[in-house]
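input28.txt follows (compact mmCIF, C-alpha atoms):
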```txt
# COMPACT_ATOMS: atom_id res chain seq x y z
CA MET V 20 -20.64 -16.28 10.73
CA ARG V 21 -18.44 -18.75 8.89
CA LEU V 22 -15.75 -16.68 7.21
CA VAL V 23 -13.19 -17.29 4.50
CA PHE V 24 -10.64 -14.47 4.76
CA ALA V 25 -8.80 -13.31 1.64
CA GLY V 26 -5.55 -11.36 1.97
CA THR V 27 -1.83 -11.53 1.31
CA PRO V 28 0.59 -8.90 2.77
CA ASP V 29 1.34 -7.59 6.27
CA THR V 30 -1.33 -4.94 5.77
CA ALA V 31 -4.00 -7.63 6.10
CA LEU V 32 -2.71 -9.07 9.38
CA PRO V 33 -4.51 -6.72 11.83
CA SER V 34 -7.84 -7.60 10.23
CA LEU V 35 -7.14 -11.32 10.22
CA ARG V 36 -6.07 -11.20 13.87
CA ALA V 37 -9.22 -9.29 14.81
CA LEU V 38 -11.45 -11.88 13.13
CA LEU V 39 -9.54 -14.84 14.55
CA ASP V 40 -10.06 -13.33 18.02
CA SER V 41 -13.72 -12.48 17.46
CA PRO V 42 -16.15 -14.53 19.57
CA ARG V 43 -18.85 -13.94 16.96
CA HIS V 44 -17.16 -15.30 13.85
CA ASP V 45 -15.30 -18.41 12.78
CA VAL V 46 -12.49 -18.05 10.24
CA VAL V 47 -12.64 -21.49 8.63
CA ALA V 48 -10.18 -20.86 5.79
CA VAL V 49 -7.88 -18.25 4.29
CA VAL V 50 -7.32 -17.43 0.62
CA THR V 51 -3.97 -15.92 -0.28
CA ARG V 52 -1.58 -15.52 -3.19
CA PRO V 53 0.69 -18.48 -4.01
CA ASP V 54 4.08 -18.73 -2.32
CA ALA V 55 6.63 -16.47 -4.01
CA GLN V 56 10.35 -15.75 -4.07
CA SER V 57 11.56 -12.87 -1.94
CA GLY V 58 14.68 -11.51 -0.27
CA ARG V 59 18.28 -11.51 -1.47
CA GLY V 60 18.43 -15.29 -1.62
CA ARG V 61 15.22 -15.41 -3.67
CA LYS V 62 13.90 -18.16 -1.42
CA VAL V 63 10.27 -19.19 -1.70
CA HIS V 64 8.18 -17.86 1.18
CA SER V 65 4.54 -18.08 2.18
CA SER V 66 2.61 -14.82 2.39
CA PRO V 67 2.29 -13.16 5.82
CA VAL V 68 -1.41 -14.05 5.84
CA ALA V 69 -0.66 -17.70 5.10
CA GLU V 70 1.89 -17.83 7.92
CA LEU V 71 -0.54 -16.39 10.46
CA ALA V 72 -3.34 -18.71 9.32
CA GLU V 73 -1.11 -21.76 9.60
CA GLU V 74 -0.05 -20.73 13.11
CA ALA V 75 -3.75 -20.54 14.00
CA GLY V 76 -4.49 -23.95 12.47
CA VAL V 77 -6.66 -22.49 9.70
CA GLU V 78 -6.85 -24.06 6.24
CA VAL V 79 -4.90 -22.07 3.61
CA LEU V 80 -5.97 -21.94 -0.03
CA ARG V 81 -3.43 -20.66 -2.57
CA PRO V 82 -5.14 -20.69 -5.99
CA PRO V 83 -3.05 -19.35 -8.90
CA LYS V 84 -6.30 -17.73 -10.04
CA ALA V 85 -9.49 -17.18 -8.07
CA GLY V 86 -11.46 -18.61 -10.99
CA ASP V 87 -9.73 -22.00 -10.95
CA PRO V 88 -12.38 -24.77 -10.85
CA GLU V 89 -10.64 -26.62 -8.01
CA PHE V 90 -10.65 -23.51 -5.85
CA LEU V 91 -14.30 -22.70 -6.60
CA GLU V 92 -15.34 -26.23 -5.75
CA ARG V 93 -13.45 -26.14 -2.45
CA LEU V 94 -15.05 -22.78 -1.60
CA ARG V 95 -18.52 -24.20 -2.27
CA LEU V 96 -17.78 -27.14 0.01
CA ILE V 97 -16.60 -24.82 2.80
CA ASP V 98 -19.87 -22.89 2.35
CA PRO V 99 -18.88 -19.56 3.94
CA ASP V 100 -21.46 -17.01 5.03
CA CYS V 101 -19.17 -14.16 4.02
CA CYS V 102 -15.65 -13.59 2.64
CA PRO V 103 -13.86 -10.55 4.08
CA VAL V 104 -11.02 -9.24 1.89
CA VAL V 105 -7.98 -7.10 2.72
CA ALA V 106 -5.28 -6.58 0.07
CA TYR V 107 -5.73 -9.98 -1.54
CA GLY V 108 -4.05 -8.86 -4.76
CA ALA V 109 -6.06 -10.70 -7.43
CA LEU V 110 -9.31 -10.22 -9.30
CA LEU V 111 -12.35 -12.17 -8.14
CA PRO V 112 -14.56 -13.59 -10.91
CA GLN V 113 -18.33 -13.53 -10.64
CA ALA V 114 -18.35 -17.29 -10.04
CA ALA V 115 -16.43 -16.70 -6.81
CA LEU V 116 -18.44 -13.64 -5.82
CA ASP V 117 -21.68 -15.63 -6.00
CA ILE V 118 -20.69 -18.33 -3.50
CA PRO V 119 -20.96 -16.71 -0.01
CA ARG V 120 -24.52 -15.73 0.91
CA HIS V 121 -23.39 -12.32 2.18
CA GLY V 122 -20.86 -11.80 -0.60
CA TRP V 123 -17.26 -10.63 -0.36
CA VAL V 124 -16.70 -7.58 1.85
CA ASN V 125 -13.57 -5.57 1.09
CA LEU V 126 -11.65 -3.27 3.40
CA HIS V 127 -10.31 -0.52 1.11
CA PHE V 128 -7.92 2.17 2.31
CA SER V 129 -9.66 5.30 1.05
CA LEU V 130 -12.91 7.19 1.51
CA LEU V 131 -14.75 5.81 -1.48
CA PRO V 132 -15.50 6.83 -4.18
CA ALA V 133 -12.13 8.60 -3.89
CA TRP V 134 -9.03 6.65 -4.90
CA ARG V 135 -10.41 3.45 -6.33
CA GLY V 136 -7.60 1.11 -7.33
CA ALA V 137 -4.41 -0.54 -6.19
CA ALA V 138 -2.59 2.37 -4.50
CA PRO V 139 -5.11 4.57 -2.64
CA VAL V 140 -2.81 5.51 0.24
CA GLN V 141 0.10 6.47 -2.02
CA HIS V 142 -2.14 8.64 -4.17
CA ALA V 143 -3.66 10.36 -1.14
CA VAL V 144 -0.16 11.36 0.02
CA LEU V 145 1.01 12.23 -3.49
CA HIS V 146 -1.93 14.56 -4.12
CA GLY V 147 -1.72 16.31 -0.76
CA ASP V 148 -5.02 15.15 0.73
CA ALA V 149 -5.58 16.35 4.29
CA ILE V 150 -7.95 13.53 5.25
CA THR V 151 -8.25 9.95 4.10
CA GLY V 152 -9.62 6.79 5.70
CA ALA V 153 -10.85 3.27 5.09
CA ALA V 154 -14.14 1.90 3.84
CA THR V 155 -15.84 -1.47 3.84
CA PHE V 156 -17.91 -2.34 0.80
CA ARG V 157 -19.47 -5.29 -0.98
CA ILE V 158 -17.38 -6.32 -3.96
CA VAL V 159 -18.96 -6.12 -7.42
CA ARG V 160 -17.40 -6.67 -10.82
CA GLU V 161 -16.62 -2.99 -11.37
CA LEU V 162 -13.39 -1.87 -9.65
CA ASP V 163 -14.02 -0.77 -6.04
CA ALA V 164 -17.50 0.42 -7.00
CA GLY V 165 -19.69 -1.66 -4.69
CA PRO V 166 -22.05 -0.27 -2.04
CA VAL V 167 -20.38 0.93 1.18
CA TYR V 168 -21.12 -0.40 4.68
CA GLY V 169 -19.01 1.97 6.76
CA VAL V 170 -15.98 4.25 6.94
CA VAL V 171 -13.33 5.47 9.35
CA THR V 172 -11.35 8.66 8.77
CA GLU V 173 -7.67 9.39 9.32
CA GLU V 174 -5.73 12.66 9.20
CA ILE V 175 -2.72 12.70 6.91
CA ARG V 176 0.15 14.20 8.87
CA PRO V 177 2.61 16.57 7.16
CA ALA V 178 5.51 14.10 7.34
CA ASP V 179 3.53 10.89 6.73
CA THR V 180 5.01 8.34 4.36
CA GLY V 181 2.80 5.96 2.45
CA GLY V 182 3.95 3.14 4.70
CA GLU V 183 3.25 4.97 7.96
CA LEU V 184 -0.21 6.02 6.87
CA LEU V 185 -1.07 2.55 5.61
CA ALA V 186 0.01 1.01 8.92
CA ARG V 187 -2.39 3.26 10.85
CA LEU V 188 -5.23 2.55 8.44
CA ALA V 189 -4.62 -1.19 8.67
CA GLU V 190 -5.17 -1.01 12.45
CA SER V 191 -8.23 1.25 12.43
CA GLY V 192 -9.62 -0.57 9.41
CA ALA V 193 -9.45 -3.90 11.24
CA GLY V 194 -11.96 -2.63 13.78
CA LEU V 195 -14.16 -1.30 11.01
CA LEU V 196 -14.15 -4.64 9.19
CA ALA V 197 -15.02 -6.56 12.35
CA ALA V 198 -17.86 -4.14 13.15
CA THR V 199 -19.12 -4.40 9.57
CA LEU V 200 -19.32 -8.18 9.77
CA ASP V 201 -21.11 -7.93 13.13
CA GLY V 202 -23.69 -5.62 11.54
CA ILE V 203 -24.17 -7.90 8.55
CA GLU V 204 -24.75 -10.87 10.87
CA ASP V 205 -27.22 -8.90 12.99
CA GLY V 206 -29.06 -7.58 9.97
CA THR V 207 -28.61 -4.05 11.30
CA LEU V 208 -26.25 -2.80 8.59
CA GLU V 209 -27.12 -2.10 4.98
CA ALA V 210 -24.70 -1.14 2.23
CA VAL V 211 -25.27 2.27 0.64
CA PRO V 212 -24.49 2.86 -3.07
CA GLN V 213 -21.49 5.07 -3.72
CA PRO V 214 -22.19 8.57 -5.08
CA VAL V 215 -21.62 9.01 -8.79
CA ASP V 216 -19.59 12.20 -8.18
CA GLY V 217 -16.14 12.34 -6.64
CA VAL V 218 -14.69 9.24 -8.26
CA SER V 219 -10.91 9.24 -8.57
CA LEU V 220 -8.56 6.45 -9.58
CA ALA V 221 -5.41 5.22 -7.84
CA PRO V 222 -3.49 2.96 -10.22
CA LYS V 223 -0.40 1.12 -9.04
CA ILE V 224 2.69 3.33 -8.72
CA GLY V 225 5.60 1.59 -10.41
CA VAL V 226 9.33 2.15 -10.36
CA ASP V 227 9.24 4.50 -13.33
CA ASP V 228 6.59 6.62 -11.59
CA ALA V 229 8.83 6.91 -8.53
CA ARG V 230 11.61 8.81 -10.33
CA VAL V 231 12.06 12.26 -8.81
CA ASP V 232 11.62 15.21 -11.17
CA TRP V 233 13.77 17.98 -9.74
CA SER V 234 12.19 20.51 -12.09
CA ALA V 235 8.95 20.09 -10.12
CA PRO V 236 8.11 22.31 -7.12
CA ALA V 237 9.55 21.30 -3.74
CA MET V 238 6.09 20.39 -2.47
CA ARG V 239 5.64 17.89 -5.30
CA VAL V 240 9.10 16.38 -4.72
CA ASP V 241 8.36 16.00 -1.01
CA ARG V 242 4.99 14.34 -1.62
CA LEU V 243 6.30 11.95 -4.28
CA ILE V 244 9.14 10.70 -2.09
CA ARG V 245 6.89 10.25 0.95
CA ALA V 246 4.21 8.52 -1.12
CA CYS V 247 6.77 6.05 -2.49
CA THR V 248 8.31 5.23 0.91
CA PRO V 249 8.90 2.36 1.48
CA ALA V 250 7.60 0.96 -1.82
CA PRO V 251 8.44 1.16 -4.64
CA GLY V 252 11.07 3.58 -3.33
CA ALA V 253 11.71 7.04 -4.80
CA TRP V 254 14.91 7.33 -6.80
CA THR V 255 17.01 9.64 -8.91
CA GLY V 256 20.00 9.41 -11.21
CA PHE V 257 23.52 10.34 -10.12
CA ARG V 258 26.61 9.87 -12.26
CA GLY V 259 24.79 7.41 -14.49
CA ARG V 260 23.49 5.22 -11.66
CA ARG V 261 20.37 5.15 -9.53
CA ILE V 262 20.20 6.11 -5.89
CA LYS V 263 17.12 5.64 -3.71
CA LEU V 264 15.95 8.47 -1.51
CA GLY V 265 14.17 8.55 1.82
CA PRO V 266 11.85 11.41 2.79
CA VAL V 267 13.21 14.92 2.35
CA ARG V 268 12.54 18.13 4.26
CA PRO V 269 11.47 21.25 2.34
CA ALA V 270 13.84 24.14 3.07
CA PRO V 271 12.03 27.32 2.01
CA GLY V 272 14.52 29.53 3.86
CA ALA V 273 17.57 28.18 2.05
CA ALA V 274 19.29 29.96 -0.83
CA ALA V 275 17.86 29.08 -4.23
CA LEU V 276 19.50 26.29 -6.26
CA ALA V 277 18.94 25.23 -9.85
CA PRO V 278 16.83 22.04 -10.17
CA GLY V 279 18.97 19.04 -9.27
CA ARG V 280 21.92 21.18 -8.13
CA ILE V 281 23.50 19.90 -4.88
CA SER V 282 24.82 22.02 -2.03
CA ALA V 283 26.48 20.02 0.76
CA SER V 284 27.79 21.08 4.15
CA LYS V 285 28.84 19.14 7.25
CA THR V 286 25.28 19.21 8.58
CA SER V 287 23.02 19.07 5.53
CA VAL V 288 22.70 18.28 1.83
CA LEU V 289 20.35 20.51 -0.15
CA VAL V 290 19.02 19.90 -3.66
CA GLY V 291 17.38 22.47 -5.88
CA THR V 292 13.84 22.20 -7.26
CA ALA V 293 11.61 24.48 -9.30
CA THR V 294 10.87 26.48 -6.11
CA HIS V 295 13.00 26.25 -2.96
CA PRO V 296 15.51 23.50 -2.14
CA VAL V 297 14.82 20.35 -0.18
CA GLU V 298 17.11 18.77 2.39
CA LEU V 299 17.97 15.14 1.69
CA GLY V 300 17.44 12.55 4.41
CA GLU V 301 18.43 8.93 3.84
CA VAL V 302 20.26 7.93 0.66
CA ARG V 303 20.78 4.38 -0.62
CA PRO V 304 23.21 3.96 -3.55
CA GLN V 305 22.88 0.85 -5.71
CA GLY V 306 24.26 -2.20 -3.96
CA LYS V 307 25.02 -0.34 -0.73
CA ARG V 308 23.43 0.12 2.66
CA PRO V 309 21.23 3.11 3.49
CA MET V 310 23.16 6.09 4.85
CA SER V 311 22.64 9.70 5.81
CA ALA V 312 22.84 12.27 3.04
CA GLU V 313 25.87 13.84 4.72
CA GLU V 314 27.69 10.50 4.79
CA TRP V 315 26.80 9.88 1.15
CA ALA V 316 28.02 13.33 0.08
CA ARG V 317 31.37 12.84 1.83
CA GLY V 318 31.84 9.45 0.20
CA VAL V 319 31.14 10.53 -3.40
CA ARG V 320 33.24 13.73 -3.17
CA LEU V 321 30.84 16.06 -4.91
CA THR V 322 32.03 18.40 -7.66
CA ASP V 323 30.49 21.61 -8.99
CA ASP V 324 29.31 19.69 -12.06
CA ASP V 325 27.29 17.07 -10.15
CA ARG V 326 23.52 17.10 -10.44
CA LEU V 327 20.81 14.79 -9.23
CA GLY V 328 18.52 13.51 -11.96
CA GLU V 329 21.22 12.86 -14.56
CA GLY V 330 21.39 9.33 -15.93
CA SER V 331 19.86 6.18 -14.49
```

Encoded form (structure tokens):
Amino acid sequence: MRLVFAGTPDTALPSLRALLDSPRHDVVAVVTRPDAQSGRGRKVHSSPVAELAEEAGVEVLRPPKAGDPEFLERLRLIDPDCCPVVAYGALLPQAALDIPRHGWVNLHFSLLPAWRGAAPVQHAVLHGDAITGAATFRIVRELDAGPVYGVVTEEIRPADTGGELLARLAESGAGLLAATLDGIEDGTLEAVPQPVDGVSLAPKIGVDDARVDWSAPAMRVDRLIRACTPAPGAWTGFRGRRIKLGPVRPAPGAAALAPGRISASKTSVLVGTATHPVELGEVRPQGKRPMSAEEWARGVRLTDDDRLGEGS
């Protein structure tokens, strides 16, 4: 089939590579978000998907909006059979959805109808799911509600971060997407409507949502920090400033500490929660490099009055 692939971040690269290598399909163009500033120098960079497409000699389309008339006209001229989508990052209007004869097929990183929305992997970790996965479905106007072609499942490991889990799903999902497109071309695969029960929403997790609440149970603190690693990055207040935190380790055998209270030794830094303490891992103060919790504690010279969670 003639394909126009839509995607933007690194997460989409395994799928794009799989389709570029497929002997059955021809990726004739890529749709991605416009170039944007990134990094400390705030230089303008192309998206990872755009860079890979350009290396492969594939046309790159960067519409500010997917409903722009110039983009829609170009898409009609390309005349794709199908448009696979992985983490494109923008809404698709009906005018765009109507162009490919087999529609737009999205690879979504959850077992639909669970976790519809922008942050399915983070919410699966945050809510303590044991199993998640990826699903391919035909895009309709309602958010992530289209009929499903296929799924793959993935166990959520006890120490998984959102980033680690997403990386595994991006790889297994690439195979699922390629197989889905094969089945659509063969006429052997039909999309099945999602059940009306079991719908849950996964809105974007922002910086404010990533603030650690030390009055929550240790399990909740652990899940929040892992869900927000690497993005947007869990954080807490300390002496009126923010520090970012890497994954912690629950320490149910440690002596109880009041929520936010810090107990540091040469080998560990413990922080109290509503239940048992957690052991800090990596700490990143504002404007400084990441460091171990022990190194951080030595540098700030903790006092008995210090608490995590105070100020921001």

Which residues of stretch 109-146 of chain V come within 12 Å of stretch 226-232 of chain V, and for each one, what is the closest pair of atoms and their distance in Å to one decimal, counting all atoms listed in the file, sorted by chain and residue number, as a Markdown table?
```
| residue | atom | partner | partner_atom | distance |
| --- | --- | --- | --- | --- |
| V:Gln141 | CA | V:Ala229 | CA | 10.9 |
| V:His142 | CA | V:Asp228 | CA | 11.6 |
| V:Leu145 | CA | V:Ala229 | CA | 10.7 |
```

Write out the residues from the selection above, keeping C-alpha atoms, as an mmCIF file, in the coordinates of the input.
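Written out: out-v5.cif:
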```cif
data_model
loop_
_atom_site.group_PDB
_atom_site.id
_atom_site.type_symbol
_atom_site.label_atom_id
_atom_site.label_comp_id
_atom_site.auth_asym_id
_atom_site.auth_seq_id
_atom_site.Cartn_x
_atom_site.Cartn_y
_atom_site.Cartn_z
ATOM 1 C CA GLN V 141 0.100 6.470 -2.020
ATOM 2 C CA HIS V 142 -2.140 8.640 -4.170
ATOM 3 C CA LEU V 145 1.010 12.230 -3.490
#
```

What gap, in Å, lies between atom CA of V:Ala250 and atom CA of V:Gly181?
8.1 Å

Fewer than 3 positions away in the same chain doesn't count, so skip those; otherwise give me all residues within 12 Å of V:Gly318, counting all atoms listed in the file, as a list in words.
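Here the answer would be Ala283, Val302, Pro304, Lys307, Met310, Ser311, Ala312, Glu313, Glu314, Trp315, Leu321 and Thr322 of chain V.
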
Selection above as a file: C-alpha atoms, as an mmCIF file, keeping the file's coordinate frame:
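The file below, part.cif, is the result:
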```
data_model
loop_
_atom_site.group_PDB
_atom_site.id
_atom_site.type_symbol
_atom_site.label_atom_id
_atom_site.label_comp_id
_atom_site.auth_asym_id
_atom_site.auth_seq_id
_atom_site.Cartn_x
_atom_site.Cartn_y
_atom_site.Cartn_z
ATOM 1 C CA ALA V 283 26.480 20.020 0.760
ATOM 2 C CA VAL V 302 20.260 7.930 0.660
ATOM 3 C CA PRO V 304 23.210 3.960 -3.550
ATOM 4 C CA LYS V 307 25.020 -0.340 -0.730
ATOM 5 C CA MET V 310 23.160 6.090 4.850
ATOM 6 C CA SER V 311 22.640 9.700 5.810
ATOM 7 C CA ALA V 312 22.840 12.270 3.040
ATOM 8 C CA GLU V 313 25.870 13.840 4.720
ATOM 9 C CA GLU V 314 27.690 10.500 4.790
ATOM 10 C CA TRP V 315 26.800 9.880 1.150
ATOM 11 C CA LEU V 321 30.840 16.060 -4.910
ATOM 12 C CA THR V 322 32.030 18.400 -7.660
#
```

Which of these residues is nearest to V:Pro278, using only C-alpha atoms: V:Arg160, V:Arg326, V:Arg260, V:Arg303?
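Among the listed residues, V:Arg326 lies closest to V:Pro278.
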
For the point (5.3, 22.0, 0.2) in file coordinates, what residues are within 12 Å, counting all atoms listed in the file? Give the answer as an MDAnalysis selection string?
chainID V and resid 144:147 177:178 235:243 245 267:271 292:297

Nearby residues (only C-alpha atoms) at most 6 Å from V:Val105, same-chain spacing under 6 positions excluded, as a list in words
Gly26, Ala31 and Leu126 of chain V

Would you compute the distance between atom CA of V:Asp148 and atom CA of V:Gly252? Give it in Å to one decimal.
20.2 Å

Between atom CA of V:Phe128 and atom CA of V:Gly152, distance in Å (one decimal):
6.0 Å

Nearest residue to V:Ala48 out of V:Glu174, V:Asp201, V:Glu78, V:Glu183, using all atoms listed in the file?
V:Glu78

For V:Gln305, which residue out of V:Ile262, V:Val319, V:Ala273, V:Val63 is the nearest one, using all atoms listed in the file?
V:Ile262

Of the candidates V:Leu276, V:Val68, V:Leu264, V:Ala198, which shows the shortest atom-to-atom distance to V:Arg43, using all atoms listed in the file?
V:Ala198

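Residue nearest V:Arg52, chosen from V:Trp123, V:Trp254, V:Tyr107, V:Tyr168 and counting all atoms listed in the file: V:Tyr107.
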
Distance query V:Asp324 at most 12 Å, only C-alpha atoms, self and fewer than 2 positions along chain excluded, as an NGL selection string:
:V and (257-258 or 277 or 279-282 or 320-322 or 326-327 or 329)

So which residues are close to (-5.1, 2.6, -6.7), meaning at most 6 Å away in the file's coordinates with all atoms listed in the file counted, and can you show them as a ChimeraX atom specification?
/V:134-139,220-223

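In terms of minimum interatomic distance to V:Gly265, V:Pro309 ranks closest within V:Ala85, V:Ile118, V:Pro309, V:Pro132, counting all atoms listed in the file.
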
Neighbour list for V:Asp29 as a PyMOL selection string, cut-off 12 Å, all atoms listed in the file, skip fewer than 4 positions in-chain
chain V and resi 33-36+51+65-71+105-107+182+185-186+189-190

Go ahead and fit an axis-aligned box to every listed atom of stretch 106-114 of chain V plus 5 Å each side, and pass me the centre and edge lengths in Å, one decimal, as JSON.
```
{"center_x": -11.2, "center_y": -11.9, "center_z": -5.4, "size_x": 24.3, "size_y": 20.7, "size_z": 21.0}
```

With only C-alpha atoms counted and 7 Å as the cut-off, give the residues of stretch 56-142 of chain V in contact with stretch 153-156 of chain V, each with its shortest interatomic distance in Å and the pair that gives it, as a tab-separated table.
```
residue	atom	partner	partner_atom	distance
V:Val124	CA	V:Phe156	CA	5.5
V:Asn125	CA	V:Phe156	CA	5.4
V:Leu126	CA	V:Thr155	CA	4.6
V:His127	CA	V:Ala154	CA	5.3
V:Phe128	CA	V:Ala153	CA	4.2
V:Ser129	CA	V:Ala153	CA	4.7
V:Leu130	CA	V:Ala153	CA	5.7
V:Leu131	CA	V:Ala154	CA	6.6
```
